[in-house]
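For reference, upload_23.tsv (TSV, C-alpha atoms and all ligand atoms):
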chain	number	residue	atom	x	y	z
A	1	MET	CA	-13.22	-13.15	16.21
A	2	ASN	CA	-10.92	-16.13	15.78
A	3	GLY	CA	-7.97	-14.55	17.54
A	4	SER	CA	-5.95	-14.13	14.38
A	5	ASN	CA	-5.82	-10.36	14.48
A	6	LEU	CA	-2.41	-8.89	13.91
A	7	VAL	CA	-1.36	-6.63	16.75
A	8	VAL	CA	1.91	-4.76	16.46
A	9	TYR	CA	3.32	-2.90	19.46
A	10	GLU	CA	5.84	-0.10	19.39
A	11	ASP	CA	8.91	-2.21	20.24
A	12	GLU	CA	8.27	-4.84	17.62
A	13	PHE	CA	7.43	-2.22	15.05
A	14	LYS	CA	10.83	-0.62	15.61
A	15	LYS	CA	12.55	-3.97	15.19
A	16	ILE	CA	10.65	-4.70	12.00
A	17	ASP	CA	11.48	-1.29	10.62
A	18	GLU	CA	15.12	-1.78	11.43
A	19	GLU	CA	15.20	-5.06	9.53
A	20	LEU	CA	13.51	-3.49	6.52
A	21	ASN	CA	15.94	-0.58	6.60
A	22	ASN	CA	18.88	-2.98	6.71
A	23	LEU	CA	17.53	-4.90	3.77
A	24	HIS	CA	16.87	-1.71	1.85
A	25	ARG	CA	20.43	-0.56	2.39
A	26	GLN	CA	22.29	-3.82	2.03
A	27	ALA	CA	20.44	-4.95	-1.08
A	28	ASN	CA	20.60	-1.48	-2.57
A	29	ALA	CA	16.87	-1.68	-3.23
A	30	LYS	CA	14.48	1.13	-4.12
A	31	VAL	CA	11.59	0.11	-1.90
A	32	VAL	CA	11.01	-2.63	0.64
A	33	PHE	CA	7.65	-3.37	2.23
A	34	LEU	CA	5.80	-5.91	4.32
A	35	VAL	CA	2.18	-6.91	3.77
A	36	ASP	CA	0.05	-9.47	5.50
A	37	LYS	CA	-1.78	-12.02	3.41
A	38	SER	CA	-5.10	-10.25	3.79
A	39	GLY	CA	-3.63	-7.23	1.99
A	40	GLN	CA	-2.82	-4.85	4.86
A	41	LEU	CA	0.41	-2.91	4.59
A	42	ILE	CA	2.49	-3.39	7.73
A	43	SER	CA	5.48	-1.20	6.99
A	44	SER	CA	7.44	0.23	4.09
A	45	VAL	CA	10.84	1.88	3.66
A	46	GLY	CA	12.66	3.57	0.78
A	47	ALA	CA	11.42	5.74	-2.06
A	48	THR	CA	7.74	5.40	-1.26
A	49	HIS	CA	6.66	9.06	-1.53
A	50	ASP	CA	5.23	8.83	-5.04
A	51	LEU	CA	4.18	5.22	-4.70
A	52	ASP	CA	0.63	4.09	-3.93
A	53	THR	CA	1.69	1.57	-1.28
A	54	THR	CA	-1.88	0.82	-0.17
A	55	SER	CA	-2.85	-0.37	-3.64
A	56	LEU	CA	0.45	-2.19	-4.01
A	57	ALA	CA	-0.16	-4.03	-0.76
A	58	SER	CA	-3.61	-5.24	-1.72
A	59	LEU	CA	-2.53	-6.28	-5.22
A	60	THR	CA	0.54	-8.10	-3.91
A	61	ALA	CA	-1.62	-10.08	-1.50
A	62	GLY	CA	-3.99	-10.90	-4.38
A	63	ASN	CA	-1.05	-12.00	-6.46
A	64	ILE	CA	0.34	-14.27	-3.73
A	65	ALA	CA	-3.11	-15.70	-3.07
A	66	ALA	CA	-3.66	-16.46	-6.75
A	67	THR	CA	-0.27	-18.08	-7.33
A	68	GLY	CA	-0.67	-19.99	-4.07
A	69	SER	CA	-3.90	-21.49	-5.36
A	70	ILE	CA	-2.30	-22.29	-8.70
A	71	ALA	CA	0.47	-24.10	-6.82
A	72	LYS	CA	-2.11	-26.12	-4.92
A	73	ILE	CA	-3.84	-27.16	-8.14
A	74	LEU	CA	-0.48	-28.25	-9.52
A	75	GLY	CA	0.22	-30.18	-6.33
A	76	GLU	CA	3.11	-27.87	-5.48
A	77	GLN	CA	3.98	-26.37	-2.15
A	78	GLU	CA	3.13	-22.69	-2.03
A	79	PHE	CA	5.66	-20.85	-4.23
A	80	THR	CA	7.86	-19.08	-1.72
A	81	ILE	CA	9.40	-16.64	-4.16
A	82	LEU	CA	7.91	-14.70	-7.05
A	83	PHE	CA	10.04	-12.62	-9.35
A	84	HIS	CA	8.81	-10.16	-11.95
A	85	GLU	CA	11.27	-8.51	-14.28
A	86	GLY	CA	10.36	-5.15	-15.73
A	87	GLU	CA	12.14	-2.80	-18.10
A	88	LYS	CA	13.35	-0.53	-15.29
A	89	ASP	CA	12.17	-2.02	-12.06
A	90	ASN	CA	12.06	-5.57	-10.81
A	91	LEU	CA	9.86	-7.05	-8.15
A	92	HIS	CA	10.91	-9.74	-5.69
A	93	ILE	CA	8.12	-11.18	-3.56
A	94	SER	CA	8.69	-13.78	-0.85
A	95	LEU	CA	7.01	-15.21	2.21
A	96	VAL	CA	7.94	-14.59	5.81
A	97	GLY	CA	6.46	-17.40	7.88
A	98	GLU	CA	2.87	-18.32	7.18
A	99	ARG	CA	1.12	-15.02	6.90
A	100	ILE	CA	3.50	-12.21	5.94
A	101	ILE	CA	4.72	-11.16	2.50
A	102	LEU	CA	8.00	-9.32	1.88
A	103	VAL	CA	8.28	-7.23	-1.27
A	104	VAL	CA	11.47	-5.71	-2.68
A	105	ILE	CA	11.46	-3.32	-5.63
A	106	PHE	CA	14.88	-2.80	-7.21
A	107	ASP	CA	16.52	-1.63	-10.44
A	108	GLN	CA	19.80	-2.13	-12.29
A	109	ARG	CA	21.86	-0.61	-9.48
A	110	THR	CA	21.76	-4.01	-7.81
A	111	SER	CA	21.27	-7.64	-8.81
A	112	ILE	CA	18.75	-10.38	-8.20
A	113	GLY	CA	21.50	-12.44	-6.63
A	114	LEU	CA	22.26	-9.86	-3.98
A	115	VAL	CA	18.57	-9.20	-3.31
A	116	ARG	CA	17.96	-12.91	-2.82
A	117	LEU	CA	20.86	-13.28	-0.45
A	118	ARG	CA	19.81	-10.33	1.71
A	119	VAL	CA	16.15	-11.31	1.68
A	120	LYS	CA	17.05	-14.73	3.00
A	121	LYS	CA	18.93	-13.33	5.97
A	122	VAL	CA	16.34	-10.72	6.86
A	123	THR	CA	13.53	-13.25	6.54
A	124	GLU	CA	15.00	-15.34	9.34
A	125	ASN	CA	15.15	-12.31	11.61
A	126	LEU	CA	11.65	-11.19	10.71
A	127	GLU	CA	10.24	-14.65	11.37
A	128	LYS	CA	11.65	-14.50	14.88
A	129	ILE	CA	10.18	-11.07	15.50
A	130	PHE	CA	6.73	-12.13	14.32
A	131	GLU	CA	6.87	-15.25	16.44
A	132	GLU	CA	7.68	-13.20	19.52
A	133	MET	CA	4.93	-10.82	18.61
A	134	THR	CA	2.30	-13.54	18.45
A	135	GLN	CA	3.40	-14.87	21.79
A	136	LYS	CA	3.30	-11.43	23.32
A	137	ALA	CA	-0.20	-10.77	21.99
A	138	GLU	CA	-1.43	-14.05	23.44
A	139	GLN	CA	0.24	-13.30	26.74
A	140	GLU	CA	-1.36	-9.88	26.97
A	141	LYS	CA	-4.70	-11.42	26.29
A	142	LEU	CA	-4.21	-13.98	29.03
A	143	GLU	CA	-3.12	-11.39	31.53
A	144	SER	CA	-6.04	-9.36	30.27
A	145	LYS	CA	-4.31	-6.05	30.19
A	146	LEU	CA	-7.44	-5.15	28.33
A	147	GLU	CA	-8.65	-2.68	30.91
A	148	ASP	CA	-6.47	0.04	29.43
A	149	SER	CA	-7.26	-0.94	25.85
A	150	PRO	CA	-8.06	2.08	23.71
A	151	PHE	CA	-11.00	0.20	22.25
A	152	ALA	CA	-12.78	-0.61	25.48
A	153	GLU	CA	-14.58	2.72	25.58
A	154	ILE	CA	-15.75	3.05	22.01
A	155	SER	CA	-19.29	4.37	21.76
A	156	ASP	CA	-21.90	4.65	19.03
A	157	GLU	CA	-21.09	8.33	18.94
A	158	ASP	CA	-17.46	7.64	17.98
A	159	ILE	CA	-18.66	5.61	15.05
A	160	GLU	CA	-21.20	8.25	14.00
A	161	LYS	CA	-18.34	10.75	13.87
A	162	LEU	CA	-16.46	8.64	11.34
A	163	PHE	CA	-19.31	9.10	8.92
A	164	MET	CA	-19.92	12.82	9.30
B	165	MET	CA	-8.28	-9.94	10.38
B	166	SER	CA	-7.87	-6.53	11.87
B	167	PHE	CA	-4.43	-5.03	11.95
B	168	ILE	CA	-3.80	-2.92	15.03
B	169	ASN	CA	-0.59	-0.94	15.00
B	170	TYR	CA	0.17	0.63	18.37
B	171	SER	CA	3.25	2.30	16.96
B	172	SER	CA	1.63	4.33	14.19
B	173	ARG	CA	-1.72	4.20	16.05
B	174	GLU	CA	-3.62	2.72	13.16
B	175	LEU	CA	-6.47	0.30	12.98
B	176	ASN	CA	-7.12	-1.46	9.66
B	177	CYS	CA	-10.13	-3.65	8.94
B	178	LYS	CA	-11.23	-5.63	5.90
B	179	ILE	CA	-14.80	-5.69	4.65
B	180	VAL	CA	-15.98	-7.89	1.80
B	181	TYR	CA	-19.05	-7.30	-0.37
B	182	TYR	CA	-20.42	-10.66	-1.46
B	183	GLY	CA	-23.38	-11.64	-3.63
B	184	PRO	CA	-24.46	-13.10	-6.97
B	185	GLY	CA	-23.31	-11.78	-10.34
B	186	LEU	CA	-24.68	-8.36	-11.32
B	187	CYS	CA	-26.31	-7.74	-7.92
B	188	GLY	CA	-24.51	-4.39	-7.60
B	189	LYS	CA	-21.41	-4.97	-5.46
B	190	THR	CA	-19.09	-2.94	-7.67
B	191	THR	CA	-21.74	-0.22	-7.94
B	192	ASN	CA	-21.77	0.08	-4.12
B	193	LEU	CA	-18.01	0.72	-4.08
B	194	GLN	CA	-18.21	3.16	-6.98
B	195	TYR	CA	-20.87	5.17	-5.19
B	196	ILE	CA	-18.87	5.23	-1.96
B	197	TYR	CA	-15.78	6.27	-3.91
B	198	ASN	CA	-17.61	9.11	-5.67
B	199	LYS	CA	-19.11	10.48	-2.46
B	200	THR	CA	-16.03	10.37	-0.24
B	201	ASN	CA	-13.65	13.30	0.25
B	202	PRO	CA	-10.37	12.95	-1.65
B	203	GLN	CA	-8.32	12.98	1.56
B	204	GLN	CA	-10.35	10.09	2.98
B	205	LYS	CA	-9.89	7.65	0.15
B	206	GLY	CA	-7.26	5.90	-1.93
B	207	LYS	CA	-7.63	4.68	-5.49
B	208	LEU	CA	-10.51	2.44	-6.43
B	209	ILE	CA	-8.87	-0.55	-8.06
B	210	SER	CA	-11.03	-2.77	-10.24
B	211	LEU	CA	-9.65	-5.97	-11.69
B	212	ALA	CA	-12.41	-6.42	-14.24
B	213	THR	CA	-13.15	-7.96	-17.62
B	214	GLU	CA	-13.65	-5.96	-20.82
B	215	THR	CA	-17.36	-5.97	-20.08
B	216	GLU	CA	-16.83	-4.55	-16.57
B	217	ARG	CA	-17.62	-7.74	-14.73
B	218	THR	CA	-15.40	-8.19	-11.71
B	219	LEU	CA	-12.65	-10.66	-12.58
B	220	PHE	CA	-10.73	-10.86	-9.30
B	221	PHE	CA	-11.73	-8.05	-6.97
B	222	ASP	CA	-12.45	-4.35	-6.51
B	223	PHE	CA	-10.53	-2.61	-3.76
B	224	LEU	CA	-11.25	0.70	-2.08
B	225	PRO	CA	-9.27	1.90	0.96
B	226	LEU	CA	-11.11	4.39	3.19
B	227	ALA	CA	-9.55	6.42	5.98
B	228	LEU	CA	-12.62	7.75	7.69
B	229	GLY	CA	-11.18	9.39	10.76
B	230	GLU	CA	-10.00	8.67	14.27
B	231	ILE	CA	-11.34	6.81	17.25
B	232	LYS	CA	-9.57	7.24	20.59
B	233	GLY	CA	-6.48	8.55	18.79
B	234	PHE	CA	-6.33	5.64	16.36
B	235	LYS	CA	-6.62	6.26	12.63
B	236	VAL	CA	-9.38	3.96	11.45
B	237	ARG	CA	-9.09	2.48	7.98
B	238	PHE	CA	-11.53	0.22	6.23
B	239	HIS	CA	-10.44	-1.74	3.20
B	240	LEU	CA	-13.46	-2.57	1.08
B	241	TYR	CA	-13.34	-5.48	-1.34
B	242	THR	CA	-15.89	-7.00	-3.71
B	243	VAL	CA	-15.78	-10.55	-5.00
B	244	PRO	CA	-16.55	-11.63	-8.56
B	245	GLY	CA	-20.15	-12.87	-8.39
B	246	GLN	CA	-20.20	-15.10	-11.45
B	247	MET	CA	-20.34	-18.77	-10.49
B	248	PHE	CA	-17.19	-19.84	-12.32
B	249	TYR	CA	-14.97	-17.49	-10.34
B	250	ALA	CA	-15.42	-19.64	-7.24
B	251	ALA	CA	-11.69	-20.07	-6.66
B	252	SER	CA	-11.06	-16.33	-6.66
B	253	ARG	CA	-13.93	-15.63	-4.27
B	254	LYS	CA	-12.32	-17.82	-1.65
B	255	LEU	CA	-9.09	-15.85	-1.81
B	256	ILE	CA	-10.74	-12.49	-1.25
B	257	LEU	CA	-12.29	-13.72	1.98
B	258	LYS	CA	-8.86	-14.26	3.51
B	259	GLY	CA	-8.65	-12.25	6.71
B	260	VAL	CA	-12.13	-10.75	6.44
B	261	ASP	CA	-13.50	-8.77	9.40
B	262	GLY	CA	-17.01	-8.09	8.17
B	263	VAL	CA	-19.27	-9.15	5.32
B	264	VAL	CA	-21.96	-7.30	3.38
B	265	PHE	CA	-24.22	-9.58	1.42
B	266	VAL	CA	-25.76	-7.73	-1.52
B	267	ALA	CA	-28.90	-9.53	-2.63
B	268	ASP	CA	-30.57	-8.77	-5.95
B	269	SER	CA	-34.24	-7.98	-5.26
B	270	GLN	CA	-35.51	-9.25	-8.60
B	271	ALA	CA	-37.63	-12.40	-8.47
B	272	GLU	CA	-35.62	-14.13	-11.17
B	273	ARG	CA	-32.44	-13.69	-9.10
B	274	MET	CA	-33.72	-15.33	-5.92
B	275	ASP	CA	-32.10	-18.67	-6.71
B	276	ALA	CA	-28.84	-16.91	-7.47
B	277	ASN	CA	-29.05	-15.08	-4.13
B	278	MET	CA	-29.50	-18.29	-2.19
B	279	GLU	CA	-26.79	-20.08	-4.10
B	280	SER	CA	-24.36	-17.24	-3.42
B	281	LEU	CA	-25.21	-17.20	0.29
B	282	ASP	CA	-24.50	-20.95	0.49
B	283	ASP	CA	-21.26	-20.41	-1.35
B	284	LEU	CA	-20.30	-17.69	1.13
B	285	GLN	CA	-20.97	-19.93	4.10
B	286	ILE	CA	-18.97	-22.80	2.64
B	287	ASN	CA	-16.01	-20.60	1.73
B	288	LEU	CA	-15.93	-19.03	5.17
B	289	SER	CA	-16.16	-22.33	6.98
B	290	GLU	CA	-13.24	-23.66	4.94
B	291	GLN	CA	-11.20	-20.90	6.54
B	292	GLY	CA	-12.53	-21.60	10.00
B	293	TYR	CA	-15.03	-18.75	10.13
B	294	GLU	CA	-18.68	-19.01	10.90
B	295	LEU	CA	-20.76	-16.50	8.93
B	296	TYR	CA	-23.18	-15.69	11.72
B	297	SER	CA	-20.49	-15.03	14.27
B	298	LEU	CA	-18.88	-12.50	11.94
B	299	PRO	CA	-20.05	-8.91	11.59
B	300	PHE	CA	-22.63	-9.37	8.84
B	301	THR	CA	-24.98	-6.92	7.11
B	302	MET	CA	-27.63	-7.62	4.50
B	303	GLN	CA	-28.43	-5.29	1.64
B	304	TYR	CA	-31.47	-5.71	-0.61
B	305	ASN	CA	-30.43	-3.91	-3.77
B	306	LYS	CA	-32.25	-2.74	-6.90
B	307	ARG	CA	-35.35	-1.62	-5.00
B	308	ASP	CA	-36.02	0.84	-7.86
B	309	ILE	CA	-37.00	-1.93	-10.24
B	310	PRO	CA	-40.80	-2.41	-10.48
B	311	GLU	CA	-42.31	-5.52	-8.90
B	312	VAL	CA	-39.34	-6.64	-6.90
B	313	VAL	CA	-39.62	-9.34	-4.25
B	314	PRO	CA	-41.12	-8.00	-1.00
B	315	ILE	CA	-38.78	-7.58	1.97
B	316	GLU	CA	-40.55	-10.26	4.01
B	317	ALA	CA	-39.93	-12.83	1.29
B	318	LEU	CA	-36.29	-11.79	0.97
B	319	ASN	CA	-35.87	-12.06	4.72
B	320	GLU	CA	-37.32	-15.52	4.66
B	321	ALA	CA	-35.01	-16.61	1.87
B	322	VAL	CA	-31.66	-15.09	2.82
B	323	ASN	CA	-31.94	-13.51	6.24
B	324	THR	CA	-33.30	-16.15	8.56
B	325	THR	CA	-31.07	-15.04	11.44
B	326	ASN	CA	-32.23	-11.44	11.27
B	327	VAL	CA	-29.00	-9.58	10.73
B	328	PRO	CA	-29.47	-5.84	10.06
B	329	GLU	CA	-30.97	-5.35	6.61
B	330	PHE	CA	-31.02	-2.32	4.32
B	331	GLU	CA	-33.01	-1.58	1.19
B	332	ALA	CA	-30.83	-0.02	-1.48
B	333	VAL	CA	-30.56	1.42	-4.94
B	334	ALA	CA	-26.82	1.32	-5.40
B	335	THR	CA	-26.90	3.26	-8.67
B	336	THR	CA	-28.36	6.33	-6.94
B	337	GLY	CA	-26.83	5.64	-3.55
B	338	VAL	CA	-29.97	4.86	-1.57
B	339	GLY	CA	-28.95	2.70	1.40
B	340	VAL	CA	-25.31	2.47	0.38
B	341	PHE	CA	-23.77	4.43	3.26
B	342	GLU	CA	-26.32	3.05	5.71
B	343	THR	CA	-25.11	-0.44	4.83
B	344	LEU	CA	-21.45	0.51	5.10
B	345	LYS	CA	-21.93	2.26	8.40
B	346	ASP	CA	-23.71	-0.72	9.86
B	347	VAL	CA	-21.01	-3.21	8.97
B	348	CYS	CA	-18.28	-0.83	10.19
B	349	ARG	CA	-20.11	-0.41	13.47
B	350	GLN	CA	-20.34	-4.16	13.90
B	351	VAL	CA	-16.66	-4.63	13.09
B	352	ILE	CA	-15.56	-2.02	15.60
B	353	PHE	CA	-17.81	-3.37	18.34
B	354	GLU	CA	-16.38	-6.82	17.67
B	355	LEU	CA	-12.89	-5.42	18.28
B	356	LYS	CA	-14.07	-3.79	21.44
B	357	LYS	CA	-14.98	-7.22	22.74
B	358	HIS	CA	-11.47	-8.49	22.22
B	359	TYR	CA	-9.11	-5.58	22.80
A	401	LIG	N1	-31.77	-0.68	-11.58
A	401	LIG	C1	-30.69	-0.88	-10.85
A	401	LIG	N2	-29.56	-1.29	-11.42
A	401	LIG	C2	-28.47	-1.49	-10.62
A	401	LIG	C3	-28.51	-1.24	-9.22
A	401	LIG	N3	-27.29	-1.52	-8.72
A	401	LIG	C4	-26.52	-1.91	-9.74
A	401	LIG	N4	-27.21	-1.90	-10.90
A	401	LIG	C5	-26.74	-2.24	-12.25
A	401	LIG	O1	-26.48	-3.63	-12.31
A	401	LIG	C6	-25.37	-3.91	-13.16
A	401	LIG	C7	-24.33	-4.74	-12.46
A	401	LIG	O2	-23.78	-4.01	-11.39
A	401	LIG	P1	-22.34	-4.34	-10.77
A	401	LIG	O3	-22.14	-3.44	-9.62
A	401	LIG	O4	-21.30	-4.35	-11.83
A	401	LIG	O5	-22.58	-5.83	-10.28
A	401	LIG	P2	-21.58	-6.79	-9.50
A	401	LIG	O6	-22.32	-7.33	-8.35
A	401	LIG	O7	-20.31	-6.09	-9.21
A	401	LIG	O8	-21.34	-7.96	-10.59
A	401	LIG	P3	-20.07	-8.97	-10.72
A	401	LIG	O9	-18.86	-8.13	-10.77
A	401	LIG	O10	-20.28	-9.75	-11.97
A	401	LIG	O11	-20.13	-9.86	-9.53
A	401	LIG	C8	-24.85	-2.55	-13.61
A	401	LIG	O12	-25.35	-2.26	-14.88
A	401	LIG	C9	-25.41	-1.58	-12.58
A	401	LIG	O13	-25.61	-0.29	-13.10
A	401	LIG	C10	-29.74	-0.79	-8.64
A	401	LIG	O14	-29.88	-0.55	-7.44
A	401	LIG	N5	-30.78	-0.63	-9.50
A	402	MG	MG	-18.39	-6.45	-9.66

For this file, produce the structure as structure tokens.
Ligand SMILES: Nc1nc2c(ncn2[C@@H]2O[C@H](COP(=O)(O)OP(=O)(O)OP(=O)(O)O)[C@@H](O)[C@H]2O)c(=O)[nH]1
Ligand SMILES: [Mg+2]
Amino acid sequence: MNGSNLVVYEDEFKKIDEELNNLHRQANAKVVFLVDKSGQLISSVGATHDLDTTSLASLTAGNIAATGSIAKILGEQEFTILFHEGEKDNLHISLVGERIILVVIFDQRTSIGLVRLRVKKVTENLEKIFEEMTQKAEQEKLESKLEDSPFAEISDEDIEKLFM
Amino acid sequence: MSFINYSSRELNCKIVYYGPGLCGKTTNLQYIYNKTNPQQKGKLISLATETERTLFFDFLPLALGEIKGFKVRFHLYTVPGQMFYAASRKLILKGVDGVVFVADSQAERMDANMESLDDLQINLSEQGYELYSLPFTMQYNKRDIPEVVPIEALNEAVNTTNVPEFEAVATTGVGVFETLKDVCRQVIFELKKHY
């Protein structure tokens, strides 16, 4: 395709998770998760067990896409932060670089001020990680380590099995 | 845009059902949802109007199984087909890996089919995609209605490049899984080329 696939390797995934865990702890948040703009959930930490994170991810991406378009119509830059206040839970949505969305769900045990502060710090770190990741993916492609790719050997039969 | 996670060994792909208003995109997803095992699917989310027309999108996550130790997930989306939702349609295409075009087989909808196909091509090209280099499957829906347009005429109108085509009756499920399977196959083989 157009080379924009998101490939996350084990090392980077660990680093990302660590950042999300830090944010979760330091901001005293309930849930923290990362989504890419096409709606795929990248990682989540916190009280996610009774939360439909897949749906949340796709709706968050839809939300960001819609407000982004509204911003364009208004001649604004893309809104970089969205904040929704609920009765119990609040939602803080922000951008990490060009294509990643960071979502924090929190309640009255913390404050929007603290969340904002922590989000800002973690965002810088995450941006670095994603930058490195993109470079690494391009490098691997160049060096064509593709021989040992798990996808090289896929057959029609494998696909048939998915639909049995 | 596929998302390949080597850490959790997951592969996620996005498929968009496109086509004119009332052609049966949402019905395709509802049928797939109803016929899939509970452990293989998430919630079907429909952002729709009071009259059940798609307003923003439908979303259905499917976890079909594993390939080479990777959990394979397909995220199915539909766009709102009505002309005036043009802005929303563009957004749904963000990061698409494969497209199903659902054409309405009724003669009076032929213009709408062609208009929607043009719209699809324009929206994709704005994002730097070329429709015919993407995994792309054609579905001719509503074949149960009497005196529909013959397949040859439909091919001539909306399938000049001969992508795989399937006749369907989305309400009863005819052709629905065949269509899905075809686009999934194309998406996975596309990945195989690159990874
Ligand atoms: N006879 C017949 N009716 C169908 C078929 N597929 C869908 N329909 C009906 O067509 C109507 C519209 O179907 P939807 O699936 O909501 O159409 P859509 O493409 O999602 O429409 P928008 O959301 O407006 O873009 C519904 O009443 C369906 O029951 C079919 O194969 N045959
Ligand atoms: Mg619909």

(message) Give me, as a ChimeraX atom specification, the residues of chain A touching chain B, with the criterion being at most 9 Å (counting only C-alpha atoms).
(response) /A:1-14,37-40,42,52,54-55,58-59,62,65-66,69,141,144-147,149-156,158-163

(message) Which residues are near range 267-271 of chain B? Cut-off 12 Å, all atoms listed in the file, ignore same chain within fewer than 6 positions. Put them as a ChimeraX atom specification.
(response) /B:181-189,245,277-281,301-319,321-323,329-334

(request) Identify the residues within 12 Å of coordinate (16.5, -14.1, 6.9) (same frame as the file), considering only C-alpha atoms, and give the answer as a PyMOL selection string. (result) chain A and resi 19-20+22-23+94-97+102+115-129

(message) So, with only C-alpha atoms as the atoms that count, which of A:Ala137, A:Met164, A:Ala61, A:Leu82 lies closest to Arg99 in chain A?
(response) A:Ala61

(request) Can you work out the spacing between atom C1 of ligand LIG 401 (chain A) and CA of Pro244 in chain B in Å, to one decimal? (result)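 Straight-line distance from atom C1 of ligand LIG 401 (chain A) to CA of Pro244 in chain B works out to 17.9 Å.
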
(request) Rounded to one decimal place, report the atom O3 of ligand LIG 401 (chain A)-CA of Glu290 in chain B distance in Å. (result)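 Straight-line distance from atom O3 of ligand LIG 401 (chain A) to CA of Glu290 in chain B works out to 26.5 Å.
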
(request) Could you please determine the separation between CA of Asp283 in chain B and atom O10 of ligand LIG 401 (chain A) in Å, to one decimal place? (result)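 If I compute the distance from CA of Asp283 in chain B to atom O10 of ligand LIG 401 (chain A), I get 15.1 Å.
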
(request) Would you please work out which residue, of B:Lys199, B:Arg253, B:Lys205, B:Arg237, is nearest to ligand LIG 401 (chain A) when using only C-alpha atoms and all ligand atoms? (result) B:Arg253
